[in-house]
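J.: Provided below: my_file13.tsv, containing TSV, C-alpha atoms.
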chain	number	residue	atom	x	y	z
A	1	MET	CA	0.00	0.00	0.00
A	2	ASP	CA	0.93	3.64	-0.39
A	3	LYS	CA	1.62	5.63	2.78
A	4	ASP	CA	0.62	9.30	2.56
A	5	GLY	CA	-3.08	9.76	1.87
A	6	THR	CA	-3.68	6.00	2.02
A	7	LEU	CA	-2.49	4.77	5.40
A	8	ILE	CA	-1.85	8.10	7.15
A	9	GLN	CA	-2.83	11.74	6.79
A	10	ASP	CA	-0.92	13.39	3.96
A	11	VAL	CA	1.28	16.08	5.52
A	12	ALA	CA	3.79	17.22	2.90
A	13	TYR	CA	7.38	16.21	3.63
A	14	ASN	CA	6.61	15.23	7.20
A	15	VAL	CA	9.08	12.96	9.00
A	16	ASP	CA	8.16	14.03	12.54
A	17	PRO	CA	6.76	10.88	14.20
A	18	ALA	CA	4.63	13.00	16.53
A	19	ARG	CA	2.66	14.38	13.56
A	20	ILE	CA	1.85	11.00	11.98
A	21	ARG	CA	-1.84	10.13	12.18
A	22	LEU	CA	-3.53	7.01	10.83
A	23	LEU	CA	-6.48	7.66	8.55
A	24	PRO	CA	-9.96	6.48	9.61
A	25	GLY	CA	-10.54	2.88	8.59
A	26	SER	CA	-6.83	2.05	8.37
A	27	VAL	CA	-6.58	-0.10	11.49
A	28	GLU	CA	-9.80	-2.01	10.80
A	29	GLY	CA	-8.92	-2.65	7.17
A	30	LEU	CA	-5.36	-3.76	7.83
A	31	ARG	CA	-6.37	-5.96	10.74
A	32	ARG	CA	-8.81	-7.77	8.48
A	33	LEU	CA	-6.22	-8.24	5.75
A	34	HIS	CA	-3.60	-9.44	8.22
A	35	ARG	CA	-6.02	-12.01	9.62
A	36	ALA	CA	-6.74	-13.15	6.07
A	37	GLY	CA	-3.05	-13.94	5.63
A	38	TYR	CA	-1.86	-10.93	3.68
A	39	LEU	CA	1.57	-9.43	4.27
A	40	LEU	CA	1.23	-5.67	4.73
A	41	ILE	CA	3.93	-3.68	2.98
A	42	VAL	CA	4.31	0.08	2.49
A	43	VAL	CA	5.71	1.41	-0.81
A	44	THR	CA	6.14	5.18	-0.79
A	45	ASN	CA	7.74	7.99	-2.79
A	46	GLN	CA	9.84	10.21	-0.52
A	47	SER	CA	11.26	12.90	-2.77
A	48	GLY	CA	11.88	15.10	0.27
A	49	VAL	CA	15.25	13.37	0.50
A	50	ALA	CA	16.24	14.45	-3.02
A	51	ARG	CA	14.78	17.91	-2.43
A	52	GLY	CA	16.86	18.38	0.72
A	53	ARG	CA	13.83	18.60	3.01
A	54	PHE	CA	14.99	15.76	5.27
A	55	SER	CA	17.64	13.04	5.45
A	56	GLU	CA	17.16	9.48	4.28
A	57	ALA	CA	17.91	8.35	7.84
A	58	ALA	CA	14.80	10.20	9.08
A	59	LEU	CA	12.60	7.68	7.28
A	60	GLY	CA	13.63	5.04	9.77
A	61	GLY	CA	11.76	6.96	12.45
A	62	VAL	CA	8.69	7.13	10.22
A	63	ALA	CA	8.68	3.36	9.71
A	64	GLN	CA	9.14	2.80	13.44
A	65	ARG	CA	6.24	5.12	14.27
A	66	LEU	CA	3.93	3.34	11.83
A	67	ARG	CA	4.72	0.03	13.49
A	68	GLN	CA	4.07	1.57	16.92
A	69	LEU	CA	0.67	2.89	15.84
A	70	LEU	CA	-0.41	-0.43	14.34
A	71	ALA	CA	1.00	-2.73	17.02
A	72	PRO	CA	-1.81	-2.27	19.60
A	73	ALA	CA	-4.26	-3.64	17.01
A	74	GLY	CA	-2.03	-6.65	16.35
A	75	VAL	CA	-1.21	-5.42	12.85
A	76	PRO	CA	2.43	-5.94	11.78
A	77	LEU	CA	4.13	-4.22	8.87
A	78	ALA	CA	6.10	-6.78	6.90
A	79	GLY	CA	8.06	-4.15	5.00
A	80	PHE	CA	8.63	-0.44	4.45
A	81	TYR	CA	10.03	0.49	1.03
A	82	TYR	CA	10.68	4.03	-0.14
A	83	CYS	CA	12.09	5.89	-3.12
A	84	PRO	CA	14.28	8.87	-2.10
A	85	HIS	CA	14.85	10.09	-5.66
A	86	HIS	CA	13.52	12.89	-7.81
A	87	PRO	CA	15.04	14.09	-11.10
A	88	GLU	CA	14.53	17.73	-10.03
A	89	GLY	CA	16.12	17.25	-6.62
A	90	ILE	CA	18.95	19.37	-5.24
A	91	VAL	CA	20.93	16.59	-3.53
A	92	PRO	CA	23.10	15.20	-6.35
A	93	GLU	CA	23.16	11.53	-5.36
A	94	TYR	CA	19.36	11.46	-5.22
A	95	ALA	CA	18.57	13.80	-8.15
A	96	ILE	CA	18.23	11.04	-10.71
A	97	GLU	CA	15.77	9.20	-12.90
A	98	CYS	CA	15.18	5.82	-11.28
A	99	ALA	CA	13.15	2.63	-11.55
A	100	CYS	CA	11.71	2.85	-8.04
A	101	ARG	CA	9.79	6.13	-8.04
A	102	LYS	CA	6.12	5.40	-8.64
A	103	PRO	CA	4.59	5.17	-11.25
A	104	GLU	CA	7.62	2.99	-12.00
A	105	PRO	CA	7.03	-0.48	-10.55
A	106	GLY	CA	10.47	-0.98	-9.00
A	107	LEU	CA	9.46	-0.66	-5.33
A	108	VAL	CA	6.63	-3.13	-5.80
A	109	THR	CA	8.70	-5.72	-7.64
A	110	ARG	CA	11.52	-5.41	-5.11
A	111	ALA	CA	9.14	-5.96	-2.20
A	112	ALA	CA	7.66	-9.01	-3.93
A	113	ARG	CA	11.07	-10.45	-4.69
A	114	GLU	CA	12.39	-9.99	-1.15
A	115	HIS	CA	9.27	-11.47	0.44
A	116	GLY	CA	8.74	-14.28	-2.06
A	117	LEU	CA	5.36	-12.98	-3.22
A	118	ASP	CA	3.40	-13.86	-6.36
A	119	LEU	CA	2.45	-10.44	-7.73
A	120	VAL	CA	-0.63	-11.82	-9.47
A	121	ARG	CA	-2.03	-12.57	-6.01
A	122	CYS	CA	-1.01	-9.19	-4.55
A	123	TRP	CA	-2.93	-5.93	-4.28
A	124	LEU	CA	-1.67	-2.37	-4.53
A	125	ILE	CA	-3.81	0.23	-2.76
A	126	GLY	CA	-3.16	3.95	-3.20
A	127	ASP	CA	-4.82	7.33	-3.39
A	128	ILE	CA	-3.38	8.57	-6.70
A	129	LEU	CA	-3.09	7.12	-10.19
A	130	ASP	CA	0.70	6.90	-9.97
A	131	ASP	CA	0.11	4.22	-7.32
A	132	VAL	CA	-2.36	2.44	-9.58
A	133	GLU	CA	0.05	2.53	-12.51
A	134	ALA	CA	2.91	1.13	-10.44
A	135	GLY	CA	0.71	-1.72	-9.24
A	136	ASN	CA	-0.68	-2.51	-12.66
A	137	ARG	CA	2.75	-2.48	-14.29
A	138	ALA	CA	4.05	-4.82	-11.60
A	139	GLY	CA	1.17	-7.23	-12.23
A	140	CYS	CA	-0.86	-6.58	-9.06
A	141	ARG	CA	-4.55	-6.08	-8.69
A	142	THR	CA	-5.22	-2.43	-7.84
A	143	ILE	CA	-7.57	-0.33	-5.73
A	144	LEU	CA	-7.76	3.46	-5.88
A	145	LEU	CA	-8.89	5.27	-2.74
A	146	ASP	CA	-11.22	8.02	-3.90
A	147	ASN	CA	-10.52	10.36	-1.02
A	148	GLY	CA	-9.41	13.54	-2.76
A	149	GLY	CA	-5.72	12.67	-3.07
A	150	GLU	CA	-5.82	12.50	-6.87
A	151	THR	CA	-6.52	15.89	-8.47
A	152	GLU	CA	-4.85	15.59	-11.87
A	153	TRP	CA	-6.51	12.46	-13.32
A	154	VAL	CA	-3.97	12.09	-16.13
A	155	PRO	CA	-4.95	8.96	-18.12
A	156	GLY	CA	-2.66	6.28	-19.49
A	157	PRO	CA	-2.56	2.62	-20.48
A	158	HIS	CA	-1.84	1.38	-16.93
A	159	ARG	CA	-3.73	3.97	-14.89
A	160	LEU	CA	-7.18	2.43	-14.55
A	161	PRO	CA	-7.75	0.70	-11.19
A	162	GLN	CA	-9.71	-2.50	-11.00
A	163	TYR	CA	-11.67	-1.24	-7.98
A	164	VAL	CA	-12.36	2.02	-6.16
A	165	ALA	CA	-12.85	2.40	-2.40
A	166	ASP	CA	-13.26	5.19	0.14
A	167	ASP	CA	-10.64	3.97	2.62
A	168	LEU	CA	-8.64	0.92	3.68
A	169	ARG	CA	-11.63	-0.53	5.51
A	170	GLN	CA	-13.67	-0.59	2.31
A	171	ALA	CA	-10.64	-1.79	0.35
A	172	SER	CA	-10.42	-4.77	2.70
A	173	ASP	CA	-14.11	-5.49	2.04
A	174	ILE	CA	-13.40	-5.55	-1.69
A	175	ILE	CA	-10.39	-7.84	-1.31
A	176	SER	CA	-12.28	-10.21	0.98
A	177	ALA	CA	-15.18	-10.40	-1.47
A	178	VAL	CA	-12.91	-11.05	-4.46
A	179	ASP	CA	-11.00	-13.71	-2.54
A	180	ALA	CA	-14.29	-15.40	-1.71
A	181	GLY	CA	-15.48	-15.29	-5.32
A	182	ARG	CA	-18.22	-12.76	-4.56
A	183	SER	CA	-19.03	-9.51	-6.30
A	184	PRO	CA	-17.41	-6.75	-4.26
A	185	GLY	CA	-20.18	-4.26	-5.01
A	186	ALA	CA	-17.51	-1.60	-5.48
A	187	SER	CA	-17.81	1.61	-7.48
A	188	SER	CA	-17.45	1.32	-11.22
A	189	ASN	CA	-13.83	2.30	-11.76
A	190	LEU	CA	-14.30	3.22	-15.41
A	191	CYS	CA	-17.29	5.47	-14.75
A	192	LEU	CA	-15.49	7.15	-11.87
A	193	PHE	CA	-12.35	7.63	-13.94
A	194	ARG	CA	-14.28	9.24	-16.78
A	195	HIS	CA	-16.17	11.46	-14.35
A	196	ARG	CA	-13.01	12.67	-12.63
A	197	ALA	CA	-11.04	13.02	-15.86
A	198	LEU	CA	-13.69	15.06	-17.60
A	199	GLY	CA	-14.18	17.16	-14.49
A	200	ALA	CA	-10.46	17.94	-14.35
A	201	GLY	CA	-9.89	18.51	-18.04
A	202	ALA	CA	-10.72	20.87	-20.84
A	203	PRO	CA	-12.00	19.55	-24.21
A	204	ILE	CA	-9.69	19.97	-27.18
A	205	GLU	CA	-10.29	19.71	-30.88
A	206	ASP	CA	-9.77	15.98	-31.33
A	207	GLY	CA	-12.45	15.20	-28.76
A	208	SER	CA	-10.04	14.06	-26.07
A	209	TRP	CA	-9.25	16.10	-23.00
A	210	ARG	CA	-6.34	17.97	-21.54
A	211	PRO	CA	-5.94	17.81	-17.77
A	212	ASN	CA	-6.20	21.06	-15.86
A	213	LEU	CA	-3.20	20.38	-13.64
A	214	LYS	CA	-3.55	21.82	-10.17
A	215	GLU	CA	-0.65	22.66	-7.89
A	216	GLN	CA	-0.07	19.57	-5.80
A	217	VAL	CA	2.75	17.94	-3.91
A	218	HIS	CA	3.30	14.38	-5.11
A	219	GLU	CA	6.18	13.07	-3.05
Before we go any further, please render this structure as structure tokens.

T.:
Amino acid sequence: MDKDGTLIQDVAYNVDPARIRLLPGSVEGLRRLHRAGYLLIVVTNQSGVARGRFSEAALGGVAQRLRQLLAPAGVPLAGFYYCPHHPEGIVPEYAIECACRKPEPGLVTRAAREHGLDLVRCWLIGDILDDVEAGNRAGCRTILLDNGGETEWVPGPHRLPQYVADDLRQASDIISAVDAGRSPGASSNLCLFRHRALGAGAPIEDGSWRPNLKEQVHE
């Protein structure tokens, strides 16, 4: 799963453990998935390292705080994977094009390789379409959280989620239903995508649309 805007409140470039807050539904959803046998792994872009906002070492405290918040509910994190890069960064060793920054699938494939996971049986849950694309390109099933995190709605061949949910609790309902061979009763992803895309874009002559990109921090 993604971290900011999916598991915890999205506070730009935050690495202060005291400011980390789990989103509503996170504990319930992850507890259910853990009990169903899923390994819970975070995959997150952290361009603040490349931008000089914080050190790479500070992310260790973030991972530790997440585990502390989830532990009382009996929910373990099996892994915490991050990309510290950004091609427009100011720290030379991190200011690069890489294969791990979502929407590239590198973080997801690395996590699967190191944990011996079959990606076809895995899920990627995130709140923006870069998360969806990374999951789809890696071969996962994907769920987009429609919670306001995505504002650009830029389309592409790998950017359509299989399911849409409000939060991790509802995402766990979808996963449980699919695993049991039932209809998840989830929102129509294609209808939602078209609605959001058309709402964010301006028509152009060929009948397609151009996204009206809003200022947004995508770590």

J.: Give the answer as one residue: which of A:Asp173, A:Ala78, A:Leu7, A:Ile143 has the shortest atom-to-atom distance to Pro161 (chain A), using all atoms listed in the file?

T.: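 Closest to Pro161 (chain A), using all atoms listed in the file: A:Ile143.
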
J.: So that I can see what lies close to region 133-135 of chain A, please list as a PyMOL selection string the residues with an atom at most 10 Å from it, counting only C-alpha atoms and leaving out residues fewer than 3 positions away in the same chain.

T.: chain A and resi 1+100-109+119+122-126+128-130+138-143+155-161

J.: For Ile8 (chain A), work out the shell of residues within 10 Å, counting only C-alpha atoms and skipping chain neighbours fewer than 4 positions away, then give it as an MDAnalysis selection string.

T.: chainID A and resid 2:4 20:24 26 66

J.: Store the residues of this selection in a file with C-alpha atoms, as a tab-separated table (two decimals), in the frame of the given file.

T.:
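What landed in out.tsv:
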chain	number	residue	atom	x	y	z
A	2	ASP	CA	0.93	3.64	-0.39
A	3	LYS	CA	1.62	5.63	2.78
A	4	ASP	CA	0.62	9.30	2.56
A	20	ILE	CA	1.85	11.00	11.98
A	21	ARG	CA	-1.84	10.13	12.18
A	22	LEU	CA	-3.53	7.01	10.83
A	23	LEU	CA	-6.48	7.66	8.55
A	24	PRO	CA	-9.96	6.48	9.61
A	26	SER	CA	-6.83	2.05	8.37
A	66	LEU	CA	3.93	3.34	11.83

J.: Please list, as a VMD selection string, the residues that have an atom at most 6 Å away from (-7.2, 6.8, 0.1) in the coordinates of this file, counting all atoms listed in the file.

T.: chain A and resid 5 to 6 126 to 127 145 to 147 167

J.: Within 9 Å of region 43-50 of chain A, counting all atoms listed in the file, which residues show up once you throw out same-chain ones fewer than 4 positions away? Write them as a PDB file with C-alpha atoms, in the frame of the given file, please.

T.:
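So result-v7.pdb came out as:
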ATOM      1  CA  MET A   1       0.000   0.000   0.000  1.00  0.00           C
ATOM      2  CA  ASP A   2       0.930   3.640  -0.390  1.00  0.00           C
ATOM      3  CA  LYS A   3       1.620   5.630   2.780  1.00  0.00           C
ATOM      4  CA  ASP A   4       0.620   9.300   2.560  1.00  0.00           C
ATOM      5  CA  ALA A  12       3.790  17.220   2.900  1.00  0.00           C
ATOM      6  CA  TYR A  13       7.380  16.210   3.630  1.00  0.00           C
ATOM      7  CA  ASN A  14       6.610  15.230   7.200  1.00  0.00           C
ATOM      8  CA  PHE A  54      14.990  15.760   5.270  1.00  0.00           C
ATOM      9  CA  SER A  55      17.640  13.040   5.450  1.00  0.00           C
ATOM     10  CA  GLU A  56      17.160   9.480   4.280  1.00  0.00           C
ATOM     11  CA  LEU A  59      12.600   7.680   7.280  1.00  0.00           C
ATOM     12  CA  GLY A  79       8.060  -4.150   5.000  1.00  0.00           C
ATOM     13  CA  PHE A  80       8.630  -0.440   4.450  1.00  0.00           C
ATOM     14  CA  TYR A  81      10.030   0.490   1.030  1.00  0.00           C
ATOM     15  CA  TYR A  82      10.680   4.030  -0.140  1.00  0.00           C
ATOM     16  CA  CYS A  83      12.090   5.890  -3.120  1.00  0.00           C
ATOM     17  CA  PRO A  84      14.280   8.870  -2.100  1.00  0.00           C
ATOM     18  CA  HIS A  85      14.850  10.090  -5.660  1.00  0.00           C
ATOM     19  CA  HIS A  86      13.520  12.890  -7.810  1.00  0.00           C
ATOM     20  CA  PRO A  87      15.040  14.090 -11.100  1.00  0.00           C
ATOM     21  CA  GLU A  88      14.530  17.730 -10.030  1.00  0.00           C
ATOM     22  CA  GLY A  89      16.120  17.250  -6.620  1.00  0.00           C
ATOM     23  CA  ILE A  90      18.950  19.370  -5.240  1.00  0.00           C
ATOM     24  CA  VAL A  91      20.930  16.590  -3.530  1.00  0.00           C
ATOM     25  CA  PRO A  92      23.100  15.200  -6.350  1.00  0.00           C
ATOM     26  CA  GLU A  93      23.160  11.530  -5.360  1.00  0.00           C
ATOM     27  CA  TYR A  94      19.360  11.460  -5.220  1.00  0.00           C
ATOM     28  CA  ALA A  95      18.570  13.800  -8.150  1.00  0.00           C
ATOM     29  CA  ILE A  96      18.230  11.040 -10.710  1.00  0.00           C
ATOM     30  CA  CYS A 100      11.710   2.850  -8.040  1.00  0.00           C
ATOM     31  CA  ARG A 101       9.790   6.130  -8.040  1.00  0.00           C
ATOM     32  CA  LYS A 102       6.120   5.400  -8.640  1.00  0.00           C
ATOM     33  CA  LEU A 107       9.460  -0.660  -5.330  1.00  0.00           C
ATOM     34  CA  VAL A 108       6.630  -3.130  -5.800  1.00  0.00           C
ATOM     35  CA  ALA A 111       9.140  -5.960  -2.200  1.00  0.00           C
ATOM     36  CA  ASP A 131       0.110   4.220  -7.320  1.00  0.00           C
ATOM     37  CA  HIS A 218       3.300  14.380  -5.110  1.00  0.00           C
ATOM     38  CA  GLU A 219       6.180  13.070  -3.050  1.00  0.00           C
TER      39      GLU A 219
END

J.: Between A:Asn136, A:Asp166, A:Asp179, A:Arg51, which has the minimum distance to Gly149 (chain A) (counting only C-alpha atoms)?

T.: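 Closest candidate: A:Asp166.
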
J.: So which one's closest to Ser172 (chain A), A:Pro17, A:Gly60, A:Gly29, A:Gly74? Using all atoms listed in the file, please.

T.: A:Gly29

J.: Write out as number ranges by chain the residues lying within 12 Å of Arg32 (chain A), counting only C-alpha atoms and excluding same-chain residues fewer than 4 positions away.

T.: A: 25-28, 36-40, 73-76, 168-176

J.: For a quick check of understanding, using all atoms listed in the file, which of A:His115, A:Arg19, A:Arg53, A:His34 has the smallest distance to Leu69 (chain A)?

T.: A:Arg19

J.: Here is a test: counting only C-alpha atoms, which residue of A:Leu144, A:Glu150, A:Gln64, A:Gln9 is nearest to Ala165 (chain A)?

T.: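 Among A:Leu144, A:Glu150, A:Gln64, A:Gln9, it is A:Leu144 that comes nearest to Ala165 (chain A).
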
J.: Between A:Arg31, A:Arg137, A:Arg113, A:Arg121, single out the one closest to Leu77 (chain A), counting only C-alpha atoms.

T.: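 Among A:Arg31, A:Arg137, A:Arg113, A:Arg121, it is A:Arg31 that comes nearest to Leu77 (chain A).
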
J.: When you draw a straight line from CA of Ala63 (chain A) to CA of Val42 (chain A), how long is it in Å?

T.: 9.1 Å

J.: What separation in Å, quoted to one decimal, exists between CA of Gly148 (chain A) and CA of Val178 (chain A)?

T.: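 These two atoms are separated by 24.9 Å.
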
J.: Between CA of Val154 (chain A) and CA of Asp10 (chain A), what is the distance in Å, rounded to a tenth?

T.: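 Distance reported for this atom pair: 20.4 Å.
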
J.: Box along x, y and z, 6 Å on every side, all listed atoms of region 64-76 of chain A inside: centre and edge lengths in Å to one decimal, as lines of an AutoDock Vina configuration file.

T.:
center_x = 2.4
center_y = -0.8
center_z = 15.7
size_x = 25.4
size_y = 23.8
size_z = 19.8

J.: Since the input lacks atoms, please generate all heavy atoms for region 176-187 of chain A and provide them as a CSV table (one decimal), keeping the file's coordinate frame.

T.:
chain,number,residue,atom,x,y,z
A,176,SER,N,-11.7,-9.0,0.4
A,176,SER,CA,-12.3,-10.2,1.0
A,176,SER,C,-13.3,-10.8,0.1
A,176,SER,O,-13.4,-12.0,-0.1
A,176,SER,CB,-12.9,-9.9,2.3
A,176,SER,OG,-11.9,-9.4,3.2
A,177,ALA,N,-14.1,-9.9,-0.6
A,177,ALA,CA,-15.2,-10.4,-1.5
A,177,ALA,C,-14.6,-11.1,-2.7
A,177,ALA,O,-15.0,-12.1,-3.1
A,177,ALA,CB,-16.1,-9.2,-1.9
A,178,VAL,N,-13.5,-10.5,-3.3
A,178,VAL,CA,-12.9,-11.0,-4.5
A,178,VAL,C,-12.3,-12.4,-4.1
A,178,VAL,O,-12.4,-13.4,-4.9
A,178,VAL,CB,-11.9,-10.1,-5.0
A,178,VAL,CG1,-11.1,-10.7,-6.1
A,178,VAL,CG2,-12.6,-8.8,-5.6
A,179,ASP,N,-11.6,-12.5,-3.0
A,179,ASP,CA,-11.0,-13.7,-2.5
A,179,ASP,C,-12.0,-14.8,-2.4
A,179,ASP,O,-11.7,-16.0,-2.6
A,179,ASP,CB,-10.2,-13.5,-1.2
A,179,ASP,CG,-8.9,-12.8,-1.4
A,179,ASP,OD1,-8.5,-12.7,-2.6
A,179,ASP,OD2,-8.3,-12.4,-0.4
A,180,ALA,N,-13.2,-14.4,-1.9
A,180,ALA,CA,-14.3,-15.4,-1.7
A,180,ALA,C,-15.1,-15.7,-3.0
A,180,ALA,O,-16.1,-16.5,-2.9
A,180,ALA,CB,-15.2,-14.9,-0.6
A,181,GLY,N,-14.8,-15.1,-4.1
A,181,GLY,CA,-15.5,-15.3,-5.3
A,181,GLY,C,-16.8,-14.6,-5.4
A,181,GLY,O,-17.7,-14.9,-6.2
A,182,ARG,N,-17.0,-13.5,-4.6
A,182,ARG,CA,-18.2,-12.8,-4.6
A,182,ARG,C,-18.0,-11.4,-5.3
A,182,ARG,O,-16.9,-11.0,-5.4
A,182,ARG,CB,-18.7,-12.5,-3.1
A,182,ARG,CG,-18.9,-13.7,-2.2
A,182,ARG,CD,-19.6,-13.3,-1.0
A,182,ARG,NE,-19.0,-12.2,-0.3
A,182,ARG,CZ,-18.0,-12.2,0.6
A,182,ARG,NH1,-17.5,-13.4,1.0
A,182,ARG,NH2,-17.5,-11.1,1.2
A,183,SER,N,-19.1,-10.9,-5.7
A,183,SER,CA,-19.0,-9.5,-6.3
A,183,SER,C,-18.8,-8.5,-5.2
A,183,SER,O,-19.4,-8.5,-4.2
A,183,SER,CB,-20.4,-9.1,-7.0
A,183,SER,OG,-20.3,-7.8,-7.4
A,184,PRO,N,-17.8,-7.7,-5.3
A,184,PRO,CA,-17.4,-6.8,-4.3
A,184,PRO,C,-18.4,-5.6,-4.1
A,184,PRO,O,-18.4,-4.9,-3.1
A,184,PRO,CB,-16.0,-6.2,-4.7
A,184,PRO,CG,-16.0,-6.3,-6.1
A,184,PRO,CD,-16.8,-7.6,-6.5
A,185,GLY,N,-19.2,-5.4,-5.1
A,185,GLY,CA,-20.2,-4.3,-5.0
A,185,GLY,C,-19.5,-2.9,-4.9
A,185,GLY,O,-20.0,-2.0,-4.4
A,186,ALA,N,-18.3,-2.8,-5.5
A,186,ALA,CA,-17.5,-1.6,-5.5
A,186,ALA,C,-17.9,-0.7,-6.6
A,186,ALA,O,-18.6,-1.0,-7.6
A,186,ALA,CB,-16.0,-1.9,-5.6
A,187,SER,N,-17.5,0.6,-6.5
A,187,SER,CA,-17.8,1.6,-7.5
A,187,SER,C,-17.3,1.2,-8.8
A,187,SER,O,-16.2,0.5,-8.9
A,187,SER,CB,-17.2,3.0,-7.1
A,187,SER,OG,-17.7,3.4,-5.8
